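The structure appears right after this line, and notes come after that.
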Amino acid sequence: MIEIQNVRKSFGSLEVLKGIDLTVEKGEVVTVIGGSGSGKSTLLTCINGLEPIDAGRIMVDGTEVHAKTTDLNKLRRKVGIVFQQWNAFPHLTVLENVMLALRKVLGLSKDKAEEIAVKQLTHVGLGEKLSVFPTRMSGGQQQRMAIARALAMSPEYMLFDEVTSALDPQLVGEVLDTLRMLASEGMTMICVTHEMKFAREVSDRVAFFHKGVMAEIAPPEALFGAPKDPELQKFLAATH
Amino acid sequence: MFSYTFHWNQALKALPQMLDGALITLQVALLSMVIGLALALALTACRLSGNRVLGGIATTWVEIARNTPALFQIYMAHFGLGNFGIHLSPYTALLVGIAFNNAGYLAENFRGALKAIPETQTRAGRSLGMTPVQAFRYIVLPQMLRVAFLPATNQMVWAILMTSLGVTVGMNSDLAGVTQELNARSFRTFEFFALAAVIYYVIAKAVTLAARVLASRMFRY
């Protein structure tokens, strides 16, 4: 369970998170929508401790993320994240990209790491690309590799930060299909996305962020069917 | 007007002697690169440390090495330090001078290479549970090496050519030193220096080619 309690975060004088409260249960899929600069991506990087917070707290299975005593490297094995820019490691093959953390962080043997990496890459449809260097692949393939790389650590939670936003339109579908597959397998996920149709389909709940505040959160039918917040109504009217 | 008669035989006869000198040249250049690389790593670490004193020293070093004549740097190592009672042999002074120069250029090269690797690479590594050291070691460093490699081989070529400045501090065993002595005895300046130039050229080209082959093996992407 991820518990976000009254989290505040500023960059300089700009407050990007103004007291966020959100609890995500095991097995739940929560998508976060909202305009640029609404703070939704920042929230994700706070959840796995890549960004410090100014106030409030975030608990992952009872461990306070930003407590001084928390081993963030250990916590991050539990909470995987995939970014908008997939950040493939260009000097490693696809297989090596996925194997690296298995070997160095989890300390697995080469054989075991390879076994897991092959399994995960096959799972996202890249079983034929093992020995290819990432720069030789499309953005969609690189993004699926990044997803496999995160999944290989067998995280219990996955955070997806606008993972289709930097892709050419024709490549968005393959990545969303991968996310749908994960959701159907019961992965606990928080997805920041601009894909409304996807949000409507996979989410248990959808949260709407506006100017650092979670203005509304509801199951997709309610949020999209009968939006209450006036800013959300405007947002949905503009995106449809 | 043009009545000079070439005497190539004399120069060719001295070829074995000059090749021995070329070996010394290569030795000084290689040593100066090894020392220069180690110093450049230290300078880069100082500049990244955030410590103002260490950073200031490193930056001053880089500025002097890159913006003053290499000849002066070698002179200082020999005659300059001599004024303070530190007497270095021509060989050592040459080595120190070139290593100083190499360190400055290579440190700047490393800094550029480090900047070329986006912060998001480290972030991706950290998000997989890597420590900062692991992310640097397995993700940033290998990519940095690729960026820094070819400029570093240029510096190696430059180091080979810089060794010829050793004659100004009395170096007489390297290629330039040997050539200079042969010239002083025979006054066949053109022949001896032309032959020496060819040898420098061949060494420089060989180093560049070897580096290119090595790079194509080391960097597979």
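Convention: chains lettered A, B, ... in structure tokens order; per-chain residue numbering from 1; ligands numbered from 1 as shown.
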Next on the checklist: Set the distance at 9 Å and use only C-alpha atoms: which residues neighbour Leu44 of chain A once local chain neighbours fewer than 3 positions away are removed? I'd like the list as a ChimeraX atom specification.
Outcome noted: /A:40-41,47-51,81,159-161,190-192
For those residues, write N, CA and C atoms to a file as a tab-separated table (two decimals), in the first residue's frame.
chain	number	residue	atom	x	y	z
A	40	LYS	N	1.84	16.41	-11.35
A	40	LYS	CA	1.62	14.96	-11.34
A	40	LYS	C	2.91	14.15	-11.52
A	41	SER	N	3.81	14.59	-12.39
A	41	SER	CA	5.07	13.86	-12.57
A	41	SER	C	5.97	13.97	-11.34
A	47	ILE	N	7.57	9.63	-4.83
A	47	ILE	CA	7.15	8.34	-4.24
A	47	ILE	C	8.34	7.39	-4.11
A	48	ASN	N	9.25	7.37	-5.10
A	48	ASN	CA	10.39	6.48	-4.91
A	48	ASN	C	11.65	7.21	-4.44
A	49	GLY	N	11.43	8.41	-3.92
A	49	GLY	CA	12.51	9.10	-3.24
A	49	GLY	C	13.55	9.74	-4.14
A	50	LEU	N	13.27	9.84	-5.44
A	50	LEU	CA	14.21	10.53	-6.32
A	50	LEU	C	14.19	12.03	-6.04
A	51	GLU	N	13.04	12.52	-5.54
A	51	GLU	CA	12.93	13.93	-5.16
A	51	GLU	C	12.59	13.99	-3.67
A	81	ILE	N	10.06	2.48	-11.60
A	81	ILE	CA	9.57	3.68	-12.29
A	81	ILE	C	10.06	3.67	-13.73
A	159	LEU	N	5.50	2.74	-11.23
A	159	LEU	CA	5.11	4.13	-11.50
A	159	LEU	C	5.43	4.42	-12.96
A	160	PHE	N	4.47	4.92	-13.70
A	160	PHE	CA	4.71	5.23	-15.11
A	160	PHE	C	4.50	6.72	-15.32
A	161	ASP	N	5.56	7.40	-15.72
A	161	ASP	CA	5.52	8.85	-15.85
A	161	ASP	C	5.41	9.26	-17.32
A	190	ILE	N	0.69	3.26	-10.66
A	190	ILE	CA	0.25	4.65	-10.75
A	190	ILE	C	0.78	5.17	-12.08
A	191	CYS	N	-0.13	5.57	-12.95
A	191	CYS	CA	0.26	6.03	-14.28
A	191	CYS	C	-0.11	7.48	-14.45
A	192	VAL	N	0.89	8.31	-14.71
A	192	VAL	CA	0.61	9.67	-15.14
A	192	VAL	C	0.48	9.61	-16.65
Next on the checklist: Could you go through segment 3-231 of chain A and tell me which residues DSSP, when run on the backbone, assigns to helix (DSSP H, G or I), listing them as number ranges by chain?
Outcome noted: A: 40-47, 72-78, 94-104, 110-123, 134-136, 139-151, 169-184, 196-202, 220-225, 230-231
Checklist outcome for this item: As a check of understanding: the span from atom CA of Ser3 of chain B to atom CA of Gly177 of chain B is 28.3 Å
Next on the checklist: Please find the residues of chain B near chain A - the criterion being any atom within 12 Å, counting only C-alpha atoms - and write them as a PyMOL selection string.
Outcome noted: chain B and resi 117-135+137-147+218-221
Item to check | Spatial neighbours of Thr60 of chain B, max dist 10 Å, only C-alpha atoms, sep filter under 6 positions, as a list in words | outcome: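 Non-adjacent residues within range: Leu54, Arg66 and Gly104 of chain B.
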Taking N, CA and C atoms for each residue, export the selection above as a PDB file, in the first residue's frame.
ATOM      1  N   LEU B  54      40.421  23.018  -3.503  1.00  0.00           N
ATOM      2  CA  LEU B  54      40.821  21.979  -4.457  1.00  0.00           C
ATOM      3  C   LEU B  54      40.386  22.349  -5.874  1.00  0.00           C
ATOM      4  N   ARG B  66      46.744  24.890 -20.506  1.00  0.00           N
ATOM      5  CA  ARG B  66      46.127  25.043 -21.823  1.00  0.00           C
ATOM      6  C   ARG B  66      46.416  26.388 -22.477  1.00  0.00           C
ATOM      7  N   GLY B 104      46.351  18.903 -17.966  1.00  0.00           N
ATOM      8  CA  GLY B 104      45.450  20.031 -18.174  1.00  0.00           C
ATOM      9  C   GLY B 104      44.460  19.773 -19.292  1.00  0.00           C
TER      10      GLY B 104
END
Checklist entry - Any idea what's packed within 10 Å of Trp158 of chain B, counting only C-alpha atoms, ignoring anything in its chain fewer than 3 positions away? Could you give it as a list of chain:residue names? => result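 So, after excluding close chain neighbours, the residues are B:Ala29, B:Ile98, B:Asn101, B:Asn102, B:Ala152, B:Thr153, B:Asn154, B:Gln155, B:Leu161, B:Met162, B:Thr163, B:Ala204.
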Same residues, C-alpha atoms, saved as an mmCIF file, in the first residue's frame:
data_model
loop_
_atom_site.group_PDB
_atom_site.id
_atom_site.type_symbol
_atom_site.label_atom_id
_atom_site.label_comp_id
_atom_site.auth_asym_id
_atom_site.auth_seq_id
_atom_site.Cartn_x
_atom_site.Cartn_y
_atom_site.Cartn_z
ATOM 1 C CA ALA B 29 55.324 10.279 -24.535
ATOM 2 C CA ILE B 98 54.572 17.219 -20.844
ATOM 3 C CA ASN B 101 50.410 19.797 -20.136
ATOM 4 C CA ASN B 102 48.643 16.463 -20.765
ATOM 5 C CA ALA B 152 42.762 11.631 -25.620
ATOM 6 C CA THR B 153 44.496 9.933 -28.552
ATOM 7 C CA ASN B 154 44.969 13.369 -30.114
ATOM 8 C CA GLN B 155 46.703 14.401 -26.912
ATOM 9 C CA LEU B 161 55.453 15.919 -30.920
ATOM 10 C CA MET B 162 56.007 17.922 -27.723
ATOM 11 C CA THR B 163 58.911 15.679 -26.726
ATOM 12 C CA ALA B 204 51.937 9.776 -35.027
#
